[in-house]
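Okay, structure first, notes after.
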Amino acid sequence: MGELFCFPLKQNIGAQAAPAIVKGDTIVRGQLVAYKGKNDLGANVYSSVSGTVTEVTDEAIFILADDDQKPEYKKLKSDTPLALIEESGLVGLGGAGFPTYAKLNKPFEKDGVVIVNAAECEPILEHNIRAIEQKPEQLIRGLEIAMEVVKAKRGIIAIKGIHEKAVDAINSELVAKKNSRITVHLLKNLYPMGEERAVIRECLGTLLGVESLPSEAGAIVINAETICRIQEAVDLKKPLIDKNMTIAGKLKDDRKLIQVFYDVPLGISVGSMLKRAGGLADDFGEIIMGGPFTGKRTNLDAPVVKTTGGIIAAECFPKGPEKIGLLVCACGANKERLEEIAESLGSEVVGCEYCKQAHKVKASLKCENPGKCPGQVQKVMALKKAGAEAVLISNCTDCSNTVMSCAPQLGLPVYHCTDGALRAVNQRIIRKIS
Ligand code: SF4
């Protein structure tokens with residue numbers, strides 16, 4: 001019996017796609033199953049498997065995969081790079097889900113730069129860096145295509161200096177290709193170096209306002225895997241049907257706590273991916289889809305979607321204090337996520353404060369100067385005054401360091417939203433910077 005795949009109609013920022021198939025249809029891998037409206041900001045959806053449509057709801061398409069799957073796929077039809085990128089259904093694969101063609105459809109009028117965001121900002125996730133180590137040529141070719149499409153004079157690959165093997169692989173490839181229009185910018189190993197405006201600040205020295213777009217700095221920022229999938233869409237006419245990802249945490253085989261999978265078929269379930277990683281350990285606290293800072297709690301039946309970068313089985317929750325205060329970061333877990341963690345700790349939330357650099361922009365928060373602490377003492381004191389016996393925070397590395405310089409002195413133990421994930425892979429938790 002084949003496996004059931006689920007393709008949500010909305011996997012992107014913007015409009016939902018409309019089904020292009022009906023129940024009972026026979027589908028081949030790479031076939032369009034839902035399309036974006038002609039004038040919508042949206043993204044097509046393709047089946048990653050051959051099989052039969054079992055259900056079409058208002059939200060998703062379900063396909064029972066044939067037992068025998070082949071790697072071949074139905075090719076895209078467009079004949080220009082930008083049209084192929086749009087047709088492919090490609091969106092920002094780092095988690096944002098912004099349709100990629102919409103980033104590339106306004107060429108620069110004068111000097112412009114395309115920046116590849118290869119920060120792999122979230123702890124534990126490794127799939128971007130491992131892919132670059134193995135195929136630096138794909139990253140560079142994808143960047144060349146993006147530069148060509150928007151008529152950019154320069155390209156920059158922003159990557160953390162700690163990833164020496166990947167940096168060496170990129171530099172060797174650039175030398176071999178004699179490409180002097182593309183350079184490498186080394187980032188510090190801090191969270192959130194991969195935030196779009198942090199990447200621009202680090203690479204170009206321009207700090208954009210919270211409501212500004214990268215175009216105001218003459219830049220377009222694209223995640224590393226997205227750049228590689230641009231190469232596939234344009235050179236191979238491949239729709240977005242596969243995804244790289246990291247599976248980590250409380251797995252049966254405790255010698256392989258972090259595993260990278262390449263070209264996972266979209267729509268596969270979280271449970272199937274965990275099985276591919278050897279299965280879940282008997283005890284775990286929660287399953288997180290995404291990275292430790294910004295990931296959300298998920299379940300075994302949830303599908304892998306375009307923006308899924310990681311699946312992490314976190315450590316069991318410890319017993320928390322009776323009353324806890326929340327300190328929310330614009331670039332980490334939001335209030336709802338911290339409330340969910342507090343509930344799992346068995347703690348009552350008695351107060352909630354926001355980092356003073358977190359500003360509301362539309363429905364979400366944006367940091368004024370990502371990763372540069374504005375001070376947290378007042379916020380921690382306000383939580384203590386509200387009756388908190390401990391604080392649960394989602395702050396960046398620099399701000400967590402500041403919280404650690406005051407909360408313990410005030411008699412408040414500190415919990416961080418990333419603790420369960422990092423403990424599950426035996427990595428150092430986010431507290432004081434050494
Ligand atoms: S400065 Fe504040 S809002 Fe900005 S990243 Fe750090 S904790 Fe988050």
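Residue names in the structure tokens use chain letters A, B, ... in the order shown, residue numbers from 1 in each chain, and ligand numbers from 1 in the order shown.
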
As a compact mmCIF listing (two decimals) with N, CA, C and O atoms, in the first residue's frame, please: the residues near Cys396 of chain A (cut-off 9 Å, only C-alpha atoms, same-chain neighbours under 6 positions excluded).
# COMPACT_ATOMS: atom_id res chain seq x y z
N LEU A 190 26.50 34.12 15.49
CA LEU A 190 25.52 34.61 16.48
C LEU A 190 24.13 34.52 15.87
O LEU A 190 23.99 34.63 14.65
N TYR A 191 23.11 34.38 16.72
CA TYR A 191 21.73 34.45 16.25
C TYR A 191 21.26 35.89 16.44
O TYR A 191 21.51 36.46 17.51
N PRO A 192 20.60 36.58 15.53
CA PRO A 192 20.07 36.09 14.24
C PRO A 192 20.82 36.70 13.05
O PRO A 192 20.30 37.58 12.38
N PHE A 293 14.68 28.32 17.43
CA PHE A 293 14.21 29.67 17.76
C PHE A 293 12.81 29.94 17.22
O PHE A 293 11.97 30.50 17.92
N CYS A 329 11.22 38.06 21.83
CA CYS A 329 12.13 38.64 20.84
C CYS A 329 11.43 38.67 19.48
O CYS A 329 10.63 37.78 19.17
N ALA A 330 11.75 39.68 18.67
CA ALA A 330 11.13 39.77 17.33
C ALA A 330 11.64 38.67 16.40
O ALA A 330 10.99 38.34 15.42
N CYS A 331 12.81 38.14 16.70
CA CYS A 331 13.43 37.17 15.79
C CYS A 331 13.39 35.75 16.35
O CYS A 331 13.96 34.83 15.74
N GLY A 332 12.77 35.57 17.50
CA GLY A 332 12.69 34.23 18.08
C GLY A 332 11.25 33.80 18.26
O GLY A 332 10.35 34.33 17.59
N PRO A 370 18.82 43.82 14.55
CA PRO A 370 18.85 42.41 14.97
C PRO A 370 20.19 41.96 15.57
O PRO A 370 21.24 42.11 14.97
N GLY A 371 20.06 41.41 16.77
CA GLY A 371 21.24 40.79 17.38
C GLY A 371 22.11 41.74 18.17
O GLY A 371 23.15 41.36 18.68
N LYS A 372 21.71 43.02 18.29
CA LYS A 372 22.52 44.00 19.07
C LYS A 372 21.67 44.42 20.25
O LYS A 372 20.69 45.17 20.11
N CYS A 373 22.03 43.98 21.43
CA CYS A 373 21.16 44.13 22.59
C CYS A 373 20.96 45.58 23.03
O CYS A 373 21.94 46.31 23.20
N ILE A 430 21.52 28.29 24.99
CA ILE A 430 21.73 29.73 24.78
C ILE A 430 21.62 30.44 26.14
O ILE A 430 20.53 30.56 26.69

Contacts of chain A with ligand 1 up to 12 Å, shortest pair per row, only C-alpha atoms and all ligand atoms, as a tab-separated table:
residue	atom	partner	partner_atom_place_in_ligand_line	distance
A:Leu190	CA	ligand 1	5 (S)	10.2
A:Tyr191	CA	ligand 1	5 (S)	7.5
A:Pro192	CA	ligand 1	5 (S)	6.3
A:Met193	CA	ligand 1	5 (S)	9.2
A:Gly194	CA	ligand 1	5 (S)	10.8
A:Glu195	CA	ligand 1	5 (S)	8.8
A:Glu196	CA	ligand 1	5 (S)	11.9
A:Arg197	CA	ligand 1	5 (S)	11.0
A:Ala198	CA	ligand 1	5 (S)	9.4
A:Val210	CA	ligand 1	4 (Fe)	10.9
A:Phe293	CA	ligand 1	8 (Fe)	10.6
A:Thr294	CA	ligand 1	8 (Fe)	11.5
A:Leu327	CA	ligand 1	7 (S)	8.6
A:Val328	CA	ligand 1	7 (S)	7.2
A:Cys329	CA	ligand 1	8 (Fe)	3.8
A:Ala330	CA	ligand 1	3 (S)	4.3
A:Cys331	CA	ligand 1	8 (Fe)	5.0
A:Gly332	CA	ligand 1	8 (Fe)	6.5
A:Ala333	CA	ligand 1	8 (Fe)	9.5
A:Asn334	CA	ligand 1	8 (Fe)	10.3
A:Glu353	CA	ligand 1	2 (Fe)	11.1
A:Tyr354	CA	ligand 1	3 (S)	7.7
A:Cys355	CA	ligand 1	2 (Fe)	4.6
A:Lys356	CA	ligand 1	2 (Fe)	6.5
A:Gln357	CA	ligand 1	3 (S)	4.9
A:Ala358	CA	ligand 1	3 (S)	4.4
A:His359	CA	ligand 1	3 (S)	8.0
A:Lys360	CA	ligand 1	3 (S)	10.7
A:Ser364	CA	ligand 1	3 (S)	11.7
A:Leu365	CA	ligand 1	3 (S)	8.1
A:Lys366	CA	ligand 1	3 (S)	7.0
A:Cys367	CA	ligand 1	4 (Fe)	4.4
A:Glu368	CA	ligand 1	4 (Fe)	6.4
A:Asn369	CA	ligand 1	4 (Fe)	5.8
A:Pro370	CA	ligand 1	5 (S)	4.2
A:Gly371	CA	ligand 1	5 (S)	4.3
A:Lys372	CA	ligand 1	1 (S)	5.0
A:Cys373	CA	ligand 1	1 (S)	4.5
A:Pro374	CA	ligand 1	1 (S)	6.1
A:Gly375	CA	ligand 1	1 (S)	8.3
A:Gln376	CA	ligand 1	2 (Fe)	8.5
A:Lys379	CA	ligand 1	2 (Fe)	11.2
A:Ile393	CA	ligand 1	7 (S)	8.8
A:Ser394	CA	ligand 1	7 (S)	7.1
A:Asn395	CA	ligand 1	7 (S)	3.9
A:Cys396	CA	ligand 1	6 (Fe)	4.3
A:Thr397	CA	ligand 1	6 (Fe)	7.1
A:Asp398	CA	ligand 1	6 (Fe)	6.4
A:Cys399	CA	ligand 1	7 (S)	5.1
A:Ser400	CA	ligand 1	7 (S)	7.3
A:Asn401	CA	ligand 1	7 (S)	10.0
A:Thr402	CA	ligand 1	7 (S)	9.6
A:Val403	CA	ligand 1	7 (S)	9.7
A:His416	CA	ligand 1	7 (S)	11.7

Residue list (strand (DSSP E), DSSP) for segment 231-308 of chain A, as number ranges by chain:
A: 242-249, 258-265, 287-289, 296-298

Requested write-out: N, CA, C and O atoms of the selected residues, as a PDB file, in the first residue's frame:
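File produced: again01.pdb:
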ATOM      1  N   ASP A 242      11.029  18.881  -4.429  1.00  0.00           N
ATOM      2  CA  ASP A 242      11.893  18.254  -3.425  1.00  0.00           C
ATOM      3  C   ASP A 242      12.491  19.319  -2.510  1.00  0.00           C
ATOM      4  O   ASP A 242      12.615  20.478  -2.895  1.00  0.00           O
ATOM      5  N   LYS A 243      12.920  18.894  -1.330  1.00  0.00           N
ATOM      6  CA  LYS A 243      13.393  19.836  -0.310  1.00  0.00           C
ATOM      7  C   LYS A 243      14.497  19.187   0.507  1.00  0.00           C
ATOM      8  O   LYS A 243      14.402  18.014   0.840  1.00  0.00           O
ATOM      9  N   ASN A 244      15.517  19.953   0.834  1.00  0.00           N
ATOM     10  CA  ASN A 244      16.539  19.460   1.765  1.00  0.00           C
ATOM     11  C   ASN A 244      16.109  19.786   3.195  1.00  0.00           C
ATOM     12  O   ASN A 244      15.453  20.794   3.424  1.00  0.00           O
ATOM     13  N   MET A 245      16.484  18.950   4.124  1.00  0.00           N
ATOM     14  CA  MET A 245      16.115  19.253   5.515  1.00  0.00           C
ATOM     15  C   MET A 245      16.981  18.510   6.537  1.00  0.00           C
ATOM     16  O   MET A 245      17.711  17.573   6.195  1.00  0.00           O
ATOM     17  N   THR A 246      16.876  18.977   7.777  1.00  0.00           N
ATOM     18  CA  THR A 246      17.603  18.375   8.893  1.00  0.00           C
ATOM     19  C   THR A 246      16.589  17.691   9.807  1.00  0.00           C
ATOM     20  O   THR A 246      15.572  18.283  10.149  1.00  0.00           O
ATOM     21  N   ILE A 247      16.869  16.448  10.172  1.00  0.00           N
ATOM     22  CA  ILE A 247      16.034  15.740  11.157  1.00  0.00           C
ATOM     23  C   ILE A 247      16.931  15.511  12.374  1.00  0.00           C
ATOM     24  O   ILE A 247      18.059  15.017  12.228  1.00  0.00           O
ATOM     25  N   ALA A 248      16.451  15.889  13.549  1.00  0.00           N
ATOM     26  CA  ALA A 248      17.358  15.854  14.706  1.00  0.00           C
ATOM     27  C   ALA A 248      16.615  15.603  16.008  1.00  0.00           C
ATOM     28  O   ALA A 248      15.394  15.664  16.066  1.00  0.00           O
ATOM     29  N   GLY A 249      17.409  15.335  17.032  1.00  0.00           N
ATOM     30  CA  GLY A 249      16.859  15.268  18.390  1.00  0.00           C
ATOM     31  C   GLY A 249      16.744  13.864  18.933  1.00  0.00           C
ATOM     32  O   GLY A 249      17.618  13.018  18.729  1.00  0.00           O
ATOM     33  N   ILE A 258      21.800  14.295  14.653  1.00  0.00           N
ATOM     34  CA  ILE A 258      21.493  15.284  13.609  1.00  0.00           C
ATOM     35  C   ILE A 258      21.741  14.616  12.256  1.00  0.00           C
ATOM     36  O   ILE A 258      22.846  14.152  11.985  1.00  0.00           O
ATOM     37  N   GLN A 259      20.704  14.535  11.449  1.00  0.00           N
ATOM     38  CA  GLN A 259      20.824  13.890  10.137  1.00  0.00           C
ATOM     39  C   GLN A 259      20.310  14.839   9.055  1.00  0.00           C
ATOM     40  O   GLN A 259      19.297  15.501   9.238  1.00  0.00           O
ATOM     41  N   VAL A 260      21.022  14.848   7.920  1.00  0.00           N
ATOM     42  CA  VAL A 260      20.600  15.702   6.804  1.00  0.00           C
ATOM     43  C   VAL A 260      20.037  14.828   5.692  1.00  0.00           C
ATOM     44  O   VAL A 260      20.605  13.774   5.370  1.00  0.00           O
ATOM     45  N   PHE A 261      18.907  15.235   5.151  1.00  0.00           N
ATOM     46  CA  PHE A 261      18.276  14.526   4.031  1.00  0.00           C
ATOM     47  C   PHE A 261      18.179  15.476   2.839  1.00  0.00           C
ATOM     48  O   PHE A 261      17.755  16.621   2.997  1.00  0.00           O
ATOM     49  N   TYR A 262      18.573  14.975   1.674  1.00  0.00           N
ATOM     50  CA  TYR A 262      18.504  15.790   0.462  1.00  0.00           C
ATOM     51  C   TYR A 262      17.315  15.342  -0.383  1.00  0.00           C
ATOM     52  O   TYR A 262      16.995  14.152  -0.447  1.00  0.00           O
ATOM     53  N   ASP A 263      16.713  16.294  -1.075  1.00  0.00           N
ATOM     54  CA  ASP A 263      15.638  16.008  -2.035  1.00  0.00           C
ATOM     55  C   ASP A 263      14.537  15.121  -1.467  1.00  0.00           C
ATOM     56  O   ASP A 263      14.136  14.119  -2.070  1.00  0.00           O
ATOM     57  N   VAL A 264      14.066  15.523  -0.291  1.00  0.00           N
ATOM     58  CA  VAL A 264      12.900  14.861   0.304  1.00  0.00           C
ATOM     59  C   VAL A 264      11.668  15.267  -0.511  1.00  0.00           C
ATOM     60  O   VAL A 264      11.486  16.452  -0.802  1.00  0.00           O
ATOM     61  N   PRO A 265      10.796  14.320  -0.910  1.00  0.00           N
ATOM     62  CA  PRO A 265       9.613  14.737  -1.669  1.00  0.00           C
ATOM     63  C   PRO A 265       8.655  15.539  -0.806  1.00  0.00           C
ATOM     64  O   PRO A 265       8.265  15.103   0.276  1.00  0.00           O
ATOM     65  N   ILE A 287       7.525  17.678  19.145  1.00  0.00           N
ATOM     66  CA  ILE A 287       8.180  17.670  17.835  1.00  0.00           C
ATOM     67  C   ILE A 287       8.047  19.079  17.275  1.00  0.00           C
ATOM     68  O   ILE A 287       6.952  19.652  17.245  1.00  0.00           O
ATOM     69  N   ILE A 288       9.189  19.620  16.853  1.00  0.00           N
ATOM     70  CA  ILE A 288       9.220  21.003  16.347  1.00  0.00           C
ATOM     71  C   ILE A 288       9.451  20.957  14.844  1.00  0.00           C
ATOM     72  O   ILE A 288      10.335  20.241  14.364  1.00  0.00           O
ATOM     73  N   MET A 289       8.640  21.736  14.104  1.00  0.00           N
ATOM     74  CA  MET A 289       8.914  21.887  12.668  1.00  0.00           C
ATOM     75  C   MET A 289       9.605  23.227  12.492  1.00  0.00           C
ATOM     76  O   MET A 289       9.047  24.266  12.826  1.00  0.00           O
ATOM     77  N   LYS A 296       7.767  25.697  15.076  1.00  0.00           N
ATOM     78  CA  LYS A 296       6.464  25.555  15.734  1.00  0.00           C
ATOM     79  C   LYS A 296       6.242  24.087  16.091  1.00  0.00           C
ATOM     80  O   LYS A 296       6.749  23.195  15.406  1.00  0.00           O
ATOM     81  N   ARG A 297       5.435  23.846  17.118  1.00  0.00           N
ATOM     82  CA  ARG A 297       5.106  22.469  17.491  1.00  0.00           C
ATOM     83  C   ARG A 297       4.303  21.839  16.358  1.00  0.00           C
ATOM     84  O   ARG A 297       3.427  22.475  15.768  1.00  0.00           O
ATOM     85  N   THR A 298       4.619  20.583  16.038  1.00  0.00           N
ATOM     86  CA  THR A 298       3.905  19.907  14.962  1.00  0.00           C
ATOM     87  C   THR A 298       3.515  18.506  15.423  1.00  0.00           C
ATOM     88  O   THR A 298       3.677  18.147  16.587  1.00  0.00           O
TER      89      THR A 298
END

Mind pulling up the distance from atom CA of Ser269 of chain A to atom CA of Thr57 of chain A?
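Atom CA of Thr57 of chain A sits 17.5 Å away from atom CA of Ser269 of chain A.
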
Using the chain letters and numbers from this document, which residues of segment 200-269 of chain A does DSSP assign to alpha helix (DSSP H), as a ChimeraX atom specification?
/A:200-204,224-235

For a quick check of understanding, using only C-alpha atoms, which of A:Ala118, A:Ala363, A:Val305, A:Ile324 has the smallest distance to Val45 of chain A?
A:Val305

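The neighbours of Leu139 of chain A here are the residues that come within 9 Å of it, using only C-alpha atoms and leaving out any residue fewer than 3 positions away in the same chain; they are A:Val116, A:Ala131, A:Ile132, A:Lys135, A:Pro136, A:Gly142, A:Leu143, A:Glu144, A:Ile170, A:Ala224, A:Glu225, A:Ile227, A:Cys228, A:Arg229, A:Gln231.
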
Would you mind exporting N, CA, C and O atoms of the selected residues as a CSV table (one decimal), in the first residue's frame?
chain,number,residue,atom,x,y,z
A,116,VAL,N,23.3,36.0,-1.3
A,116,VAL,CA,22.8,34.6,-0.9
A,116,VAL,C,22.9,34.5,0.6
A,116,VAL,O,24.0,34.7,1.2
A,131,ALA,N,24.8,21.0,1.9
A,131,ALA,CA,24.6,21.0,0.4
A,131,ALA,C,25.6,21.9,-0.3
A,131,ALA,O,26.1,21.5,-1.4
A,132,ILE,N,26.0,23.0,0.4
A,132,ILE,CA,27.0,23.8,-0.3
A,132,ILE,C,28.4,23.1,-0.3
A,132,ILE,O,29.1,23.2,-1.3
A,135,LYS,N,27.9,20.7,-3.3
A,135,LYS,CA,27.6,21.2,-4.6
A,135,LYS,C,27.8,22.7,-4.7
A,135,LYS,O,26.8,23.4,-4.9
A,136,PRO,N,29.0,23.2,-4.4
A,136,PRO,CA,29.1,24.7,-4.5
A,136,PRO,C,28.8,25.2,-5.9
A,136,PRO,O,28.4,26.4,-6.0
A,142,GLY,N,23.2,29.1,-9.6
A,142,GLY,CA,21.9,29.7,-9.2
A,142,GLY,C,22.0,31.2,-9.0
A,142,GLY,O,21.2,32.0,-9.4
A,143,LEU,N,23.1,31.6,-8.3
A,143,LEU,CA,23.4,33.0,-8.0
A,143,LEU,C,23.6,33.8,-9.4
A,143,LEU,O,23.1,34.9,-9.6
A,144,GLU,N,24.4,33.2,-10.3
A,144,GLU,CA,24.6,33.8,-11.6
A,144,GLU,C,23.3,34.0,-12.3
A,144,GLU,O,23.1,35.1,-12.9
A,170,ILE,N,33.3,27.0,-1.8
A,170,ILE,CA,32.8,28.2,-2.6
A,170,ILE,C,34.0,28.9,-3.2
A,170,ILE,O,34.0,29.2,-4.4
A,224,ALA,N,20.0,30.2,0.7
A,224,ALA,CA,20.9,29.4,-0.1
A,224,ALA,C,20.2,28.2,-0.9
A,224,ALA,O,20.5,28.0,-2.1
A,225,GLU,N,19.3,27.5,-0.2
A,225,GLU,CA,18.6,26.4,-1.0
A,225,GLU,C,17.8,27.0,-2.1
A,225,GLU,O,17.7,26.4,-3.1
A,227,ILE,N,18.3,29.5,-3.9
A,227,ILE,CA,19.2,29.8,-5.0
A,227,ILE,C,19.6,28.5,-5.8
A,227,ILE,O,19.6,28.5,-7.0
A,228,CYS,N,19.8,27.4,-5.1
A,228,CYS,CA,20.1,26.2,-5.7
A,228,CYS,C,18.9,25.7,-6.5
A,228,CYS,O,19.0,25.1,-7.6
A,229,ARG,N,17.7,25.9,-6.0
A,229,ARG,CA,16.5,25.4,-6.7
A,229,ARG,C,16.2,26.3,-7.9
A,229,ARG,O,15.5,25.9,-8.8
A,231,GLN,N,18.6,27.2,-9.9
A,231,GLN,CA,19.4,26.5,-10.9
A,231,GLN,C,18.6,25.4,-11.5
A,231,GLN,O,18.6,25.2,-12.7
